[in-house]
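Chemist: Contents of work-v4.tsv (TSV, C-alpha atoms and all ligand atoms) are below:
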```tsv
chain	number	residue	atom	x	y	z
B	1124	MET	CA	-26.76	1.79	0.23
B	1125	ARG	CA	-23.49	3.41	1.32
B	1126	LEU	CA	-22.79	4.47	-2.25
B	1127	ALA	CA	-25.71	6.91	-2.16
B	1128	VAL	CA	-23.59	9.30	-0.02
B	1129	TYR	CA	-21.53	9.94	-3.17
B	1130	THR	CA	-24.45	10.61	-5.52
B	1131	ASN	CA	-23.38	14.20	-6.28
B	1132	GLN	CA	-19.84	13.11	-7.09
B	1133	ILE	CA	-21.11	10.23	-9.22
B	1134	TYR	CA	-23.27	12.67	-11.20
B	1135	SER	CA	-20.27	14.98	-11.62
B	1136	CYS	CA	-18.33	12.47	-13.72
B	1137	LEU	CA	-17.81	14.00	-17.17
B	1138	ARG	CA	-17.01	10.65	-18.82
B	1139	CYS	CA	-13.88	12.30	-20.17
B	1140	GLY	CA	-11.65	9.22	-19.75
B	1141	PHE	CA	-8.67	10.99	-18.18
B	1142	CYS	CA	-8.84	8.30	-15.51
B	1143	PHE	CA	-7.67	5.52	-17.77
B	1144	ASP	CA	-5.82	6.72	-20.84
B	1145	HIS	CA	-6.80	10.16	-22.09
B	1146	ALA	CA	-4.33	11.76	-19.67
B	1147	VAL	CA	-1.57	10.50	-21.95
B	1148	GLY	CA	-3.37	11.14	-25.21
B	1149	GLY	CA	-4.83	7.65	-25.41
B	1150	GLN	CA	-1.30	6.30	-25.83
B	1151	GLU	CA	-0.94	4.51	-22.53
B	1152	LYS	CA	-3.30	2.86	-20.09
B	1153	ILE	CA	-2.71	4.04	-16.53
B	1154	CYS	CA	-5.12	1.62	-14.81
B	1155	PRO	CA	-3.78	-1.90	-14.11
B	1156	SER	CA	-7.28	-3.34	-14.18
B	1157	TYR	CA	-8.06	-1.78	-17.57
B	1158	VAL	CA	-4.64	-2.94	-18.87
B	1159	THR	CA	-5.49	-6.56	-18.13
B	1160	TYR	CA	-9.21	-6.79	-18.78
B	1161	GLY	CA	-9.39	-4.22	-21.58
B	1162	MET	CA	-13.04	-3.42	-20.91
B	1163	GLU	CA	-14.40	0.00	-19.99
B	1164	SER	CA	-16.21	-1.45	-16.98
B	1165	TYR	CA	-12.88	-2.37	-15.33
B	1166	GLY	CA	-11.55	1.21	-15.52
B	1167	ALA	CA	-12.65	4.17	-13.42
B	1168	ARG	CA	-14.99	5.70	-16.00
B	1169	GLY	CA	-16.82	2.40	-16.37
B	1170	LYS	CA	-17.06	1.94	-12.62
B	1171	MET	CA	-18.50	5.43	-12.32
B	1172	ALA	CA	-21.13	4.47	-14.93
B	1173	ILE	CA	-21.90	1.36	-12.87
B	1174	ALA	CA	-22.10	3.52	-9.72
B	1175	ARG	CA	-24.56	5.88	-11.45
B	1176	ALA	CA	-26.73	2.99	-12.56
B	1177	LEU	CA	-26.71	1.64	-9.00
B	1178	VAL	CA	-27.74	4.93	-7.38
B	1179	ASP	CA	-30.36	5.46	-10.12
B	1180	GLY	CA	-31.80	2.04	-9.30
B	1181	VAL	CA	-31.46	0.69	-12.83
B	1182	LEU	CA	-28.79	-1.84	-11.80
B	1183	GLU	CA	-28.54	-4.12	-8.76
B	1184	TYR	CA	-25.33	-5.24	-7.07
B	1185	ASP	CA	-24.49	-8.74	-8.33
B	1186	ALA	CA	-21.49	-11.00	-9.01
B	1187	ASP	CA	-20.64	-9.21	-12.27
B	1188	VAL	CA	-20.48	-5.85	-10.51
B	1189	ALA	CA	-18.40	-7.41	-7.72
B	1190	MET	CA	-15.93	-8.92	-10.19
B	1191	ARG	CA	-15.21	-5.45	-11.58
B	1192	VAL	CA	-15.16	-3.48	-8.33
B	1193	TYR	CA	-12.71	-5.87	-6.65
B	1194	ALA	CA	-10.42	-6.02	-9.71
B	1195	CYS	CA	-8.75	-2.85	-8.46
B	1196	THR	CA	-5.38	-2.36	-6.78
B	1197	GLU	CA	-6.59	1.00	-5.37
B	1198	CYS	CA	-3.43	2.42	-6.93
B	1199	GLY	CA	-5.04	5.86	-7.16
B	1200	ALA	CA	-3.81	6.56	-10.72
B	1201	CYS	CA	-7.40	7.27	-11.80
B	1202	GLU	CA	-8.01	9.67	-8.91
B	1203	GLU	CA	-4.68	11.41	-9.53
B	1204	GLN	CA	-5.73	12.12	-13.13
B	1205	CYS	CA	-9.45	12.70	-12.62
B	1206	PHE	CA	-10.42	15.90	-14.42
B	1207	LYS	CA	-13.10	16.62	-11.78
B	1208	TYR	CA	-10.99	15.73	-8.70
B	1209	LEU	CA	-13.56	13.11	-7.70
B	1210	SER	CA	-12.93	10.93	-4.62
B	1211	LEU	CA	-12.85	7.77	-6.69
B	1212	LEU	CA	-11.19	5.56	-4.06
B	1213	ASP	CA	-13.84	6.50	-1.50
B	1214	ILE	CA	-16.52	5.59	-4.05
B	1215	TYR	CA	-14.90	2.18	-4.71
B	1216	ARG	CA	-14.68	1.58	-0.96
B	1217	ALA	CA	-18.38	2.37	-0.56
B	1218	MET	CA	-19.18	-0.09	-3.37
B	1219	LYS	CA	-17.05	-2.75	-1.67
B	1220	ALA	CA	-18.83	-2.18	1.64
B	1221	ASP	CA	-22.21	-2.50	-0.11
B	1222	LEU	CA	-21.06	-5.70	-1.85
B	1223	ALA	CA	-19.71	-7.15	1.41
B	1224	GLU	CA	-23.03	-6.45	3.14
B	1225	ARG	CA	-24.73	-8.44	0.37
B	1226	GLU	CA	-22.16	-11.28	0.69
B	1227	LEU	CA	-20.96	-10.70	-2.86
B	1228	VAL	CA	-17.19	-10.58	-2.18
B	1229	PRO	CA	-15.43	-12.86	-4.73
B	1230	ALA	CA	-14.52	-16.18	-3.09
B	1231	GLU	CA	-10.73	-15.78	-3.01
B	1232	LEU	CA	-10.90	-12.32	-1.48
B	1233	ALA	CA	-13.57	-13.46	0.96
B	1234	GLY	CA	-10.90	-15.94	2.13
B	1235	VAL	CA	-8.61	-12.99	2.97
B	1236	GLY	CA	-11.43	-11.49	5.02
B	1237	ARG	CA	-12.00	-14.76	6.89
B	1238	ALA	CA	-8.26	-15.22	7.60
B	1239	VAL	CA	-7.92	-11.73	8.99
B	1240	ALA	CA	-11.04	-12.18	11.12
B	1241	ASP	CA	-9.94	-15.59	12.47
B	1242	ALA	CA	-6.15	-15.25	12.76
B	1243	GLY	CA	-5.66	-11.47	12.95
B	1244	ASN	CA	-3.62	-11.47	9.72
B	1245	PRO	CA	-4.53	-12.05	6.05
B	1246	TYR	CA	-2.20	-15.06	5.75
B	1247	GLY	CA	-3.94	-17.16	8.39
B	1248	GLN	CA	-0.64	-17.51	10.30
B	1249	ALA	CA	-0.49	-18.25	14.02
B	1250	ARG	CA	-0.64	-15.23	16.31
B	1251	GLY	CA	2.35	-16.59	18.28
B	1252	LYS	CA	4.62	-16.32	15.22
B	1253	ARG	CA	4.02	-12.60	14.70
B	1254	LEU	CA	7.26	-11.54	16.38
B	1255	GLY	CA	9.25	-14.53	15.12
B	1256	TRP	CA	11.39	-12.26	12.92
B	1257	ALA	CA	12.62	-10.04	15.81
B	1258	PRO	CA	16.26	-10.30	16.87
B	1259	GLY	CA	15.25	-10.40	20.54
B	1260	THR	CA	12.47	-9.70	23.01
B	1261	ASP	CA	14.07	-6.73	24.87
B	1262	ARG	CA	12.01	-4.18	22.97
B	1263	VAL	CA	8.68	-6.03	23.13
B	1264	GLY	CA	6.16	-4.21	25.30
B	1265	LYS	CA	8.74	-1.79	26.76
B	1266	LYS	CA	8.06	1.90	27.40
B	1267	ALA	CA	9.60	4.06	24.69
B	1268	GLU	CA	9.06	7.33	22.86
B	1269	THR	CA	8.52	5.48	19.55
B	1270	VAL	CA	6.59	2.34	18.59
B	1271	PHE	CA	7.65	0.43	15.47
B	1272	PHE	CA	4.36	-0.87	14.01
B	1273	VAL	CA	5.46	-3.88	11.96
B	1274	GLY	CA	2.34	-4.92	10.01
B	1275	CYS	CA	1.26	-8.41	8.90
B	1276	THR	CA	3.21	-8.76	5.65
B	1277	PRO	CA	6.62	-7.75	7.10
B	1278	ALA	CA	5.87	-9.82	10.24
B	1279	TYR	CA	4.98	-13.05	8.44
B	1280	VAL	CA	5.90	-12.95	4.76
B	1281	ARG	CA	8.67	-10.40	4.06
B	1282	ARG	CA	10.56	-10.56	7.31
B	1283	GLY	CA	13.69	-8.94	5.85
B	1284	ILE	CA	11.73	-5.67	5.79
B	1285	ALA	CA	10.87	-5.95	9.51
B	1286	ARG	CA	14.50	-6.78	10.36
B	1287	GLY	CA	15.84	-4.03	8.09
B	1288	ALA	CA	13.64	-1.37	9.68
B	1289	TYR	CA	14.57	-2.63	13.16
B	1290	GLN	CA	18.29	-2.40	12.37
B	1291	VAL	CA	17.98	1.06	10.81
B	1292	LEU	CA	16.05	2.40	13.82
B	1293	GLU	CA	18.56	0.86	16.21
B	1294	ALA	CA	21.54	2.27	14.31
B	1295	ALA	CA	19.90	5.71	14.20
B	1296	GLY	CA	19.65	5.66	18.00
B	1297	VAL	CA	15.84	5.73	18.07
B	1298	ASP	CA	14.32	4.74	21.44
B	1299	PHE	CA	11.67	2.32	20.17
B	1300	ALA	CA	9.42	-0.53	21.27
B	1301	LEU	CA	7.50	-3.35	19.58
B	1302	LEU	CA	3.91	-3.99	20.67
B	1303	ASP	CA	3.29	-7.45	22.08
B	1304	ASP	CA	-0.38	-7.18	21.11
B	1305	GLU	CA	-0.17	-5.65	17.61
B	1306	VAL	CA	-2.99	-6.80	15.32
B	1307	CYS	CA	-3.62	-6.27	11.61
B	1308	CYS	CA	-3.88	-2.54	10.77
B	1309	GLY	CA	-7.31	-2.98	9.12
B	1310	HIS	CA	-6.19	-2.40	5.53
B	1311	PRO	CA	-7.19	-5.92	4.38
B	1312	HIS	CA	-10.56	-5.45	6.07
B	1313	LEU	CA	-11.15	-2.34	3.97
B	1314	ALA	CA	-9.90	-4.12	0.86
B	1315	VAL	CA	-12.75	-6.62	1.18
B	1316	GLY	CA	-15.31	-4.05	2.36
B	1317	ASP	CA	-15.43	-4.97	6.06
B	1318	LEU	CA	-15.69	-1.54	7.73
B	1319	GLU	CA	-16.61	-2.92	11.16
B	1320	GLY	CA	-13.62	-5.27	11.15
B	1321	ALA	CA	-11.35	-2.36	10.21
B	1322	ARG	CA	-12.79	-0.23	13.02
B	1323	GLU	CA	-12.30	-2.99	15.57
B	1324	ALA	CA	-8.67	-3.59	14.50
B	1325	ALA	CA	-7.94	0.15	14.55
B	1326	GLY	CA	-9.40	0.47	18.05
B	1327	LYS	CA	-7.24	-2.36	19.41
B	1328	ASN	CA	-4.04	-0.98	17.91
B	1329	VAL	CA	-4.66	2.60	19.00
B	1330	ALA	CA	-5.45	1.43	22.55
B	1331	ALA	CA	-2.24	-0.64	22.66
B	1332	ILE	CA	-0.14	2.29	21.42
B	1333	GLU	CA	-1.79	4.69	23.89
B	1334	ALA	CA	-1.08	2.23	26.70
B	1335	SER	CA	2.59	2.09	25.65
B	1336	GLY	CA	2.93	5.85	26.24
B	1337	ALA	CA	4.61	6.38	22.85
B	1338	THR	CA	4.34	9.79	21.20
B	1339	GLN	CA	5.10	8.58	17.69
B	1340	VAL	CA	4.67	5.43	15.60
B	1341	VAL	CA	6.98	4.50	12.76
B	1342	PHE	CA	6.09	2.22	9.84
B	1343	ALA	CA	7.94	0.35	7.11
B	1344	CYS	CA	4.67	-0.75	5.44
B	1345	PRO	CA	2.95	2.11	3.58
B	1346	GLY	CA	-0.41	0.31	3.63
B	1347	CYS	CA	-0.37	0.34	7.43
B	1348	LEU	CA	0.84	3.95	7.51
B	1349	GLN	CA	-1.89	5.10	5.14
B	1350	MET	CA	-4.42	3.22	7.23
B	1351	PHE	CA	-3.33	5.05	10.38
B	1352	ARG	CA	-2.87	8.48	8.81
B	1353	GLU	CA	-5.93	8.58	6.58
B	1354	GLU	CA	-8.48	6.00	7.69
B	1355	VAL	CA	-8.16	5.35	11.44
B	1356	PRO	CA	-9.17	8.90	12.56
B	1357	ASP	CA	-12.35	8.61	10.45
B	1358	LEU	CA	-13.08	5.06	11.62
B	1359	LEU	CA	-12.66	5.98	15.30
B	1360	GLY	CA	-14.10	9.50	15.01
B	1361	ARG	CA	-11.16	11.17	16.72
B	1362	PRO	CA	-7.65	12.34	15.79
B	1363	LEU	CA	-4.73	10.05	16.56
B	1364	PRO	CA	-3.13	10.83	19.93
B	1365	PHE	CA	0.35	10.25	18.48
B	1366	ARG	CA	2.36	11.15	15.38
B	1367	VAL	CA	2.73	8.59	12.57
B	1368	LEU	CA	5.53	8.54	10.00
B	1369	HIS	CA	7.41	6.35	7.55
B	1370	ALA	CA	10.81	4.92	8.50
B	1371	THR	CA	12.54	6.97	5.78
B	1372	GLU	CA	10.94	10.17	7.14
B	1373	LEU	CA	12.27	9.40	10.62
B	1374	LEU	CA	15.64	8.50	9.20
B	1375	GLY	CA	15.78	11.87	7.42
B	1376	GLU	CA	15.19	13.62	10.75
B	1377	ARG	CA	17.90	11.57	12.44
B	1378	ARG	CA	20.34	12.23	9.62
B	1379	ALA	CA	19.69	15.96	9.91
B	1380	ALA	CA	20.54	15.59	13.61
B	1381	GLY	CA	23.82	13.88	12.59
B	1382	SER	CA	23.03	10.52	14.20
B	1383	VAL	CA	23.28	8.25	11.12
B	1384	ARG	CA	26.38	7.29	9.16
B	1385	LEU	CA	26.12	5.24	5.96
B	1386	ARG	CA	28.84	3.20	4.29
B	1387	LYS	CA	29.68	3.34	0.58
B	1388	GLN	CA	27.57	1.15	-1.74
B	1389	SER	CA	28.52	1.28	-5.43
B	1390	ARG	CA	25.14	0.55	-6.97
B	1391	VAL	CA	22.89	1.91	-9.69
B	1392	VAL	CA	19.56	2.14	-7.91
B	1393	VAL	CA	16.05	2.60	-9.26
B	1394	TYR	CA	13.23	3.38	-6.85
B	1395	HIS	CA	9.61	2.35	-7.47
B	1396	ASP	CA	7.03	4.59	-5.75
B	1397	PRO	CA	4.55	2.39	-3.87
B	1398	CYS	CA	1.03	3.66	-4.57
B	1399	ASN	CA	0.08	3.91	-0.88
B	1400	LEU	CA	3.21	5.88	-0.02
B	1401	GLY	CA	3.36	8.08	-3.13
B	1402	ARG	CA	-0.06	8.96	-4.50
B	1403	GLY	CA	-1.69	7.83	-1.25
B	1404	LEU	CA	0.35	9.90	1.21
B	1405	GLY	CA	2.41	12.21	-1.00
B	1406	ILE	CA	5.69	10.77	0.30
B	1407	TYR	CA	7.97	10.83	-2.73
B	1408	ASP	CA	11.11	12.58	-1.48
B	1409	ALA	CA	11.95	10.90	1.85
B	1410	PRO	CA	12.83	7.49	0.34
B	1411	ARG	CA	14.80	9.17	-2.47
B	1412	ARG	CA	16.71	11.34	0.03
B	1413	ALA	CA	17.53	8.22	2.05
B	1414	ILE	CA	18.88	6.49	-1.08
B	1415	ASP	CA	20.86	9.57	-2.12
B	1416	ALA	CA	22.47	9.71	1.34
B	1417	VAL	CA	24.31	6.44	0.66
B	1418	PRO	CA	27.77	7.29	-0.67
B	1419	GLY	CA	28.50	5.69	-4.05
B	1420	ALA	CA	24.86	5.10	-4.99
B	1421	ARG	CA	23.67	6.49	-8.30
B	1422	ARG	CA	19.89	6.82	-8.45
B	1423	VAL	CA	18.05	6.62	-11.77
B	1424	GLU	CA	14.35	7.07	-12.47
B	1425	MET	CA	11.88	4.98	-14.41
B	1426	ARG	CA	9.99	6.47	-17.36
B	1427	ARG	CA	6.95	6.77	-15.07
B	1428	SER	CA	7.66	7.87	-11.51
B	1429	GLY	CA	6.39	10.10	-8.72
B	1430	ALA	CA	2.70	10.98	-9.05
B	1431	GLY	CA	2.66	9.46	-12.55
B	1432	SER	CA	4.12	6.15	-11.38
B	1433	PHE	CA	2.59	2.87	-12.55
B	1434	CYS	CA	1.35	0.36	-9.95
B	1435	CYS	CA	3.25	-2.92	-9.31
B	1436	GLY	CA	-0.11	-4.63	-9.93
B	1437	ASN	CA	-0.37	-6.21	-6.50
B	1438	GLY	CA	-2.15	-3.63	-4.33
B	1439	ASP	CA	-5.21	-4.38	-2.21
B	1440	PHE	CA	-4.62	-8.15	-2.17
B	1441	VAL	CA	-5.68	-8.59	-5.82
B	1442	ARG	CA	-3.10	-11.36	-6.17
B	1443	PHE	CA	-5.43	-13.58	-4.13
B	1444	GLY	CA	-8.28	-13.26	-6.62
B	1445	TYR	CA	-6.90	-11.80	-9.84
B	1446	GLU	CA	-3.49	-13.36	-10.34
B	1447	PRO	CA	-3.29	-12.76	-14.13
B	1448	MET	CA	-3.77	-9.05	-13.48
B	1449	ALA	CA	-1.09	-9.03	-10.77
B	1450	VAL	CA	1.37	-10.90	-13.00
B	1451	GLU	CA	0.79	-8.86	-16.17
B	1452	ASN	CA	1.25	-5.53	-14.41
B	1453	GLU	CA	4.21	-6.53	-12.24
B	1454	GLN	CA	5.91	-7.71	-15.45
B	1455	ALA	CA	5.24	-4.37	-17.16
B	1456	ARG	CA	6.64	-2.44	-14.20
B	1457	TRP	CA	9.63	-4.80	-13.93
B	1458	ASN	CA	10.43	-4.15	-17.61
B	1459	GLU	CA	10.37	-0.40	-16.95
B	1460	ALA	CA	12.73	-0.84	-14.01
B	1461	VAL	CA	15.32	-2.97	-15.82
B	1462	ALA	CA	15.22	-0.63	-18.84
B	1463	THR	CA	16.92	2.00	-16.64
B	1464	GLY	CA	20.07	-0.15	-16.41
B	1465	ALA	CA	19.86	-0.26	-12.60
B	1466	ASP	CA	21.36	-3.24	-10.78
B	1467	LEU	CA	19.17	-2.72	-7.70
B	1468	LEU	CA	15.39	-2.20	-7.67
B	1469	LEU	CA	14.15	-0.70	-4.42
B	1470	SER	CA	10.62	-0.19	-3.21
B	1471	ALA	CA	9.19	0.72	0.17
B	1472	CYS	CA	6.29	-1.71	0.38
B	1473	PRO	CA	6.12	-5.47	1.02
B	1474	ALA	CA	3.44	-6.00	-1.66
B	1475	CYS	CA	5.64	-4.36	-4.30
B	1476	GLN	CA	8.54	-6.52	-3.19
B	1477	ILE	CA	6.47	-9.71	-3.57
B	1478	ALA	CA	5.52	-8.53	-7.09
B	1479	PHE	CA	9.07	-7.73	-8.16
B	1480	LEU	CA	10.57	-10.92	-6.71
B	1481	ASP	CA	7.99	-12.84	-8.74
B	1482	ALA	CA	8.94	-10.93	-11.91
B	1483	LYS	CA	12.68	-11.39	-11.19
B	1484	ARG	CA	12.21	-15.14	-10.78
B	1485	ARG	CA	10.38	-15.37	-14.09
B	1486	ALA	CA	13.03	-13.26	-15.86
B	1487	LYS	CA	15.92	-15.18	-14.16
B	1488	SER	CA	17.42	-11.73	-13.65
B	1489	THR	CA	20.48	-10.72	-11.63
B	1490	VAL	CA	18.94	-7.34	-10.71
B	1491	ASP	CA	18.54	-7.28	-6.93
B	1492	VAL	CA	15.16	-6.52	-5.35
B	1493	LEU	CA	15.06	-5.03	-1.86
B	1494	ASP	CA	13.06	-2.69	0.31
B	1495	VAL	CA	14.70	0.70	1.02
B	1496	VAL	CA	15.05	-0.10	4.73
B	1497	GLU	CA	16.58	-3.52	4.00
B	1498	TRP	CA	19.19	-1.93	1.75
B	1499	LEU	CA	19.91	0.91	4.18
B	1500	ALA	CA	20.50	-1.69	6.89
B	1501	THR	CA	23.33	-3.12	4.75
B	1502	ALA	CA	24.89	0.37	4.56
B	1503	ILE	CA	24.94	1.00	8.29
G	1601	LIG	S1	-7.37	2.67	-8.36
G	1601	LIG	FE1	-5.90	1.95	-9.93
G	1601	LIG	S2	-6.64	-0.11	-10.47
G	1601	LIG	FE2	-8.33	0.89	-9.38
G	1601	LIG	S3	-9.60	1.80	-11.02
G	1601	LIG	FE3	-8.14	3.38	-10.35
G	1601	LIG	S4	-6.39	3.22	-11.76
G	1601	LIG	FE4	-7.60	1.31	-11.93
G	1602	LIG	S1	-11.43	11.40	-15.12
G	1602	LIG	FE1	-13.00	11.72	-13.50
G	1602	LIG	S2	-14.58	12.92	-14.54
G	1602	LIG	FE2	-13.33	12.00	-16.18
G	1602	LIG	S3	-14.33	10.02	-16.68
G	1602	LIG	FE3	-12.80	9.59	-15.13
G	1602	LIG	S4	-13.93	9.68	-13.17
G	1602	LIG	FE4	-15.19	10.73	-14.71
```
Starting from the coordinates I provided, produce the structure as structure tokens.
Ligand code: SF4
Ligand code: SF4
Modeler:
Amino acid sequence: MRLAVYTNQIYSCLRCGFCFDHAVGGQEKICPSYVTYGMESYGARGKMAIARALVDGVLEYDADVAMRVYACTECGACEEQCFKYLSLLDIYRAMKADLAERELVPAELAGVGRAVADAGNPYGQARGKRLGWAPGTDRVGKKAETVFFVGCTPAYVRRGIARGAYQVLEAAGVDFALLDDEVCCGHPHLAVGDLEGAREAAGKNVAAIEASGATQVVFACPGCLQMFREEVPDLLGRPLPFRVLHATELLGERRAAGSVRLRKQSRVVVYHDPCNLGRGLGIYDAPRRAIDAVPGARRVEMRRSGAGSFCCGNGDFVRFGYEPMAVENEQARWNEAVATGADLLLSACPACQIAFLDAKRRAKSTVDVLDVVEWLATAI
């Protein structure tokens, strides 16, 4: 049982409840899963009790355990607030890997795993369509200092993000290439508990980037970036032989070098911190600095932002298996965003964008929803 590695941490849980509502005096639930299902066993403290019962041998993995473990966006709010600084996300991942080994992945999420294994992306789309969003083929497979790693969701589902990042990099004068053999980053594999699949995907991508000769890789998808920065070195057992960074981080460097000019945009903008980018990687300022660099933009903040931000409800592919949870939480976050009076809601993650477009459609709202790089591309 992979979970057994974390026995000491599991025994260190104080059952204090900071991980789901005590951090805000019991006034507000911080866990999207606990918000929707309202049962202790769906929040972090309950999952830690389940983990303890599993390592003590008084509970077996079964479908009921699986239902709770996979009802998690891996937003990291629980870990951020944990009074004992426990590695809760690592513990959930170990539980997922144990469940996957026992073929207990809930059916809808198992479908994500099969799609990514068969087609190389979680949407089951044809491999040949992966670069269908690109304005041309000149940059595909060329030698360059920088690789733009696109990721499955921008490549197939939210292509405006791929195009926006491409345009921003081009306008900033970055010498960049697209891989002709990019495969899924491995994040969906981890979401369903398939460690071997994640390792294989990571190995293919790292080999392709090494072969390209690039010294840095830029991302518009924070799930892919977190995968490379945090998970790939562990999966492959060696440090990355190149630097990885988010598009807004690279843009900040180029702006400091004076190579980016932005046109006036008179908008009231609210920025939602994607969990992978914010709590996951600690990147809170770079997107905000990029927004503030646009003349005429006035940035406002939601009631909950930065490390205390609330998830869009759609992380870790939960929409595939837990749609009511995705919808309830995206609606709550949407309400927080529109309460600021902003006319433009920006995020920096394709999953957040899918969530907010869904909430906008339901609300029949005129508030625009874009990714930071998409909006910056309109200002260049
Ligand atoms: S990672 Fe997010 S959804 Fe999962 S248990 Fe923690 S707070 Fe809840
Ligand atoms: S905050 Fe940490 S120590 Fe407290 S109940 Fe939650 S997991 Fe346990």
Chemist: Produce as number ranges by chain the set of residues near ligand LIG 1601 (chain G), where near means within 7 Å with only C-alpha atoms and all ligand atoms considered.
Modeler: B: 1142-1143, 1153-1157, 1165-1167, 1195-1202, 1212
Chemist: Enumerate, in order of chain and increasing residue number, the residues of chain B with an atom no farther than 8 Å from ligand LIG 1602 (chain G), each with its shortest atom pair and distance in Å to one decimal, counting all atoms listed in the file, as JSON lines.
Modeler:
```
{"residue": "B:Ser1135", "atom": "CA", "partner": "G:LIG1602", "partner_atom": "S2", "distance": 6.7}
{"residue": "B:Cys1136", "atom": "CA", "partner": "G:LIG1602", "partner_atom": "FE4", "distance": 3.7}
{"residue": "B:Leu1137", "atom": "CA", "partner": "G:LIG1602", "partner_atom": "S2", "distance": 4.3}
{"residue": "B:Arg1138", "atom": "CA", "partner": "G:LIG1602", "partner_atom": "S3", "distance": 3.5}
{"residue": "B:Cys1139", "atom": "CA", "partner": "G:LIG1602", "partner_atom": "FE2", "distance": 4.0}
{"residue": "B:Gly1140", "atom": "CA", "partner": "G:LIG1602", "partner_atom": "S3", "distance": 4.2}
{"residue": "B:Phe1141", "atom": "CA", "partner": "G:LIG1602", "partner_atom": "S1", "distance": 4.1}
{"residue": "B:Cys1142", "atom": "CA", "partner": "G:LIG1602", "partner_atom": "S1", "distance": 4.1}
{"residue": "B:Phe1143", "atom": "CA", "partner": "G:LIG1602", "partner_atom": "FE3", "distance": 7.1}
{"residue": "B:Ala1167", "atom": "CA", "partner": "G:LIG1602", "partner_atom": "S4", "distance": 5.7}
{"residue": "B:Arg1168", "atom": "CA", "partner": "G:LIG1602", "partner_atom": "S3", "distance": 4.4}
{"residue": "B:Met1171", "atom": "CA", "partner": "G:LIG1602", "partner_atom": "S4", "distance": 6.3}
{"residue": "B:Cys1201", "atom": "CA", "partner": "G:LIG1602", "partner_atom": "S1", "distance": 6.7}
{"residue": "B:Glu1202", "atom": "CA", "partner": "G:LIG1602", "partner_atom": "FE1", "distance": 7.1}
{"residue": "B:Gln1204", "atom": "CA", "partner": "G:LIG1602", "partner_atom": "S1", "distance": 6.1}
{"residue": "B:Cys1205", "atom": "CA", "partner": "G:LIG1602", "partner_atom": "S1", "distance": 3.4}
{"residue": "B:Phe1206", "atom": "CA", "partner": "G:LIG1602", "partner_atom": "S1", "distance": 4.7}
{"residue": "B:Lys1207", "atom": "CA", "partner": "G:LIG1602", "partner_atom": "S2", "distance": 4.8}
{"residue": "B:Tyr1208", "atom": "CA", "partner": "G:LIG1602", "partner_atom": "FE1", "distance": 6.6}
{"residue": "B:Leu1209", "atom": "CA", "partner": "G:LIG1602", "partner_atom": "FE1", "distance": 6.0}
{"residue": "B:Leu1211", "atom": "CA", "partner": "G:LIG1602", "partner_atom": "S4", "distance": 6.8}
```
Chemist: At a cut-off of 12 Å, using only C-alpha atoms, what residues contact B:Ser1335? Leave out same-chain residues fewer than 5 positions from it and give the result as a PyMOL selection string.
Modeler: chain B and resi 1262-1271+1299-1305+1328-1330+1340+1364-1365
Chemist: Keeping only C-alpha atoms, write the selected residues as a PDB file, keeping the file's coordinate frame.
Modeler:
```
ATOM      1  CA  ARG B1262      12.010  -4.180  22.970  1.00  0.00           C
ATOM      2  CA  VAL B1263       8.680  -6.030  23.130  1.00  0.00           C
ATOM      3  CA  GLY B1264       6.160  -4.210  25.300  1.00  0.00           C
ATOM      4  CA  LYS B1265       8.740  -1.790  26.760  1.00  0.00           C
ATOM      5  CA  LYS B1266       8.060   1.900  27.400  1.00  0.00           C
ATOM      6  CA  ALA B1267       9.600   4.060  24.690  1.00  0.00           C
ATOM      7  CA  GLU B1268       9.060   7.330  22.860  1.00  0.00           C
ATOM      8  CA  THR B1269       8.520   5.480  19.550  1.00  0.00           C
ATOM      9  CA  VAL B1270       6.590   2.340  18.590  1.00  0.00           C
ATOM     10  CA  PHE B1271       7.650   0.430  15.470  1.00  0.00           C
ATOM     11  CA  PHE B1299      11.670   2.320  20.170  1.00  0.00           C
ATOM     12  CA  ALA B1300       9.420  -0.530  21.270  1.00  0.00           C
ATOM     13  CA  LEU B1301       7.500  -3.350  19.580  1.00  0.00           C
ATOM     14  CA  LEU B1302       3.910  -3.990  20.670  1.00  0.00           C
ATOM     15  CA  ASP B1303       3.290  -7.450  22.080  1.00  0.00           C
ATOM     16  CA  ASP B1304      -0.380  -7.180  21.110  1.00  0.00           C
ATOM     17  CA  GLU B1305      -0.170  -5.650  17.610  1.00  0.00           C
ATOM     18  CA  ASN B1328      -4.040  -0.980  17.910  1.00  0.00           C
ATOM     19  CA  VAL B1329      -4.660   2.600  19.000  1.00  0.00           C
ATOM     20  CA  ALA B1330      -5.450   1.430  22.550  1.00  0.00           C
ATOM     21  CA  VAL B1340       4.670   5.430  15.600  1.00  0.00           C
ATOM     22  CA  PRO B1364      -3.130  10.830  19.930  1.00  0.00           C
ATOM     23  CA  PHE B1365       0.350  10.250  18.480  1.00  0.00           C
TER      24      PHE B1365
END
```
Chemist: How many Å separate atom CA of B:Ala1482 from atom CA of B:His1145?
Modeler: 28.2 Å
Chemist: Here is a test: counting all atoms listed in the file, which residue of B:Ala1189, B:Ala1409, B:Cys1307, B:Ala1223 is nearest to B:Gly1247?
Modeler: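 So, comparing all the options, the nearest one is B:Cys1307.
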Chemist: Measuring atom to atom with all atoms listed in the file, identify which of B:Met1190, B:Leu1499, B:Glu1293, B:Tyr1184 is nearest to B:Ser1382.
Modeler: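 Looking at the shortest contact to B:Ser1382, the residue is B:Glu1293.
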Chemist: One decimal, in Å: what's the spacing between atom CA of B:Arg1456 and atom CA of B:His1369?
Modeler: 23.5 Å
Chemist: Could you tell me which of B:His1395, B:Gly1283, B:Met1218, B:Ala1455 comes closest to B:Lys1152 if we count all atoms listed in the file?
Modeler: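 Checking each candidate against B:Lys1152, we get B:Ala1455 as the closest.
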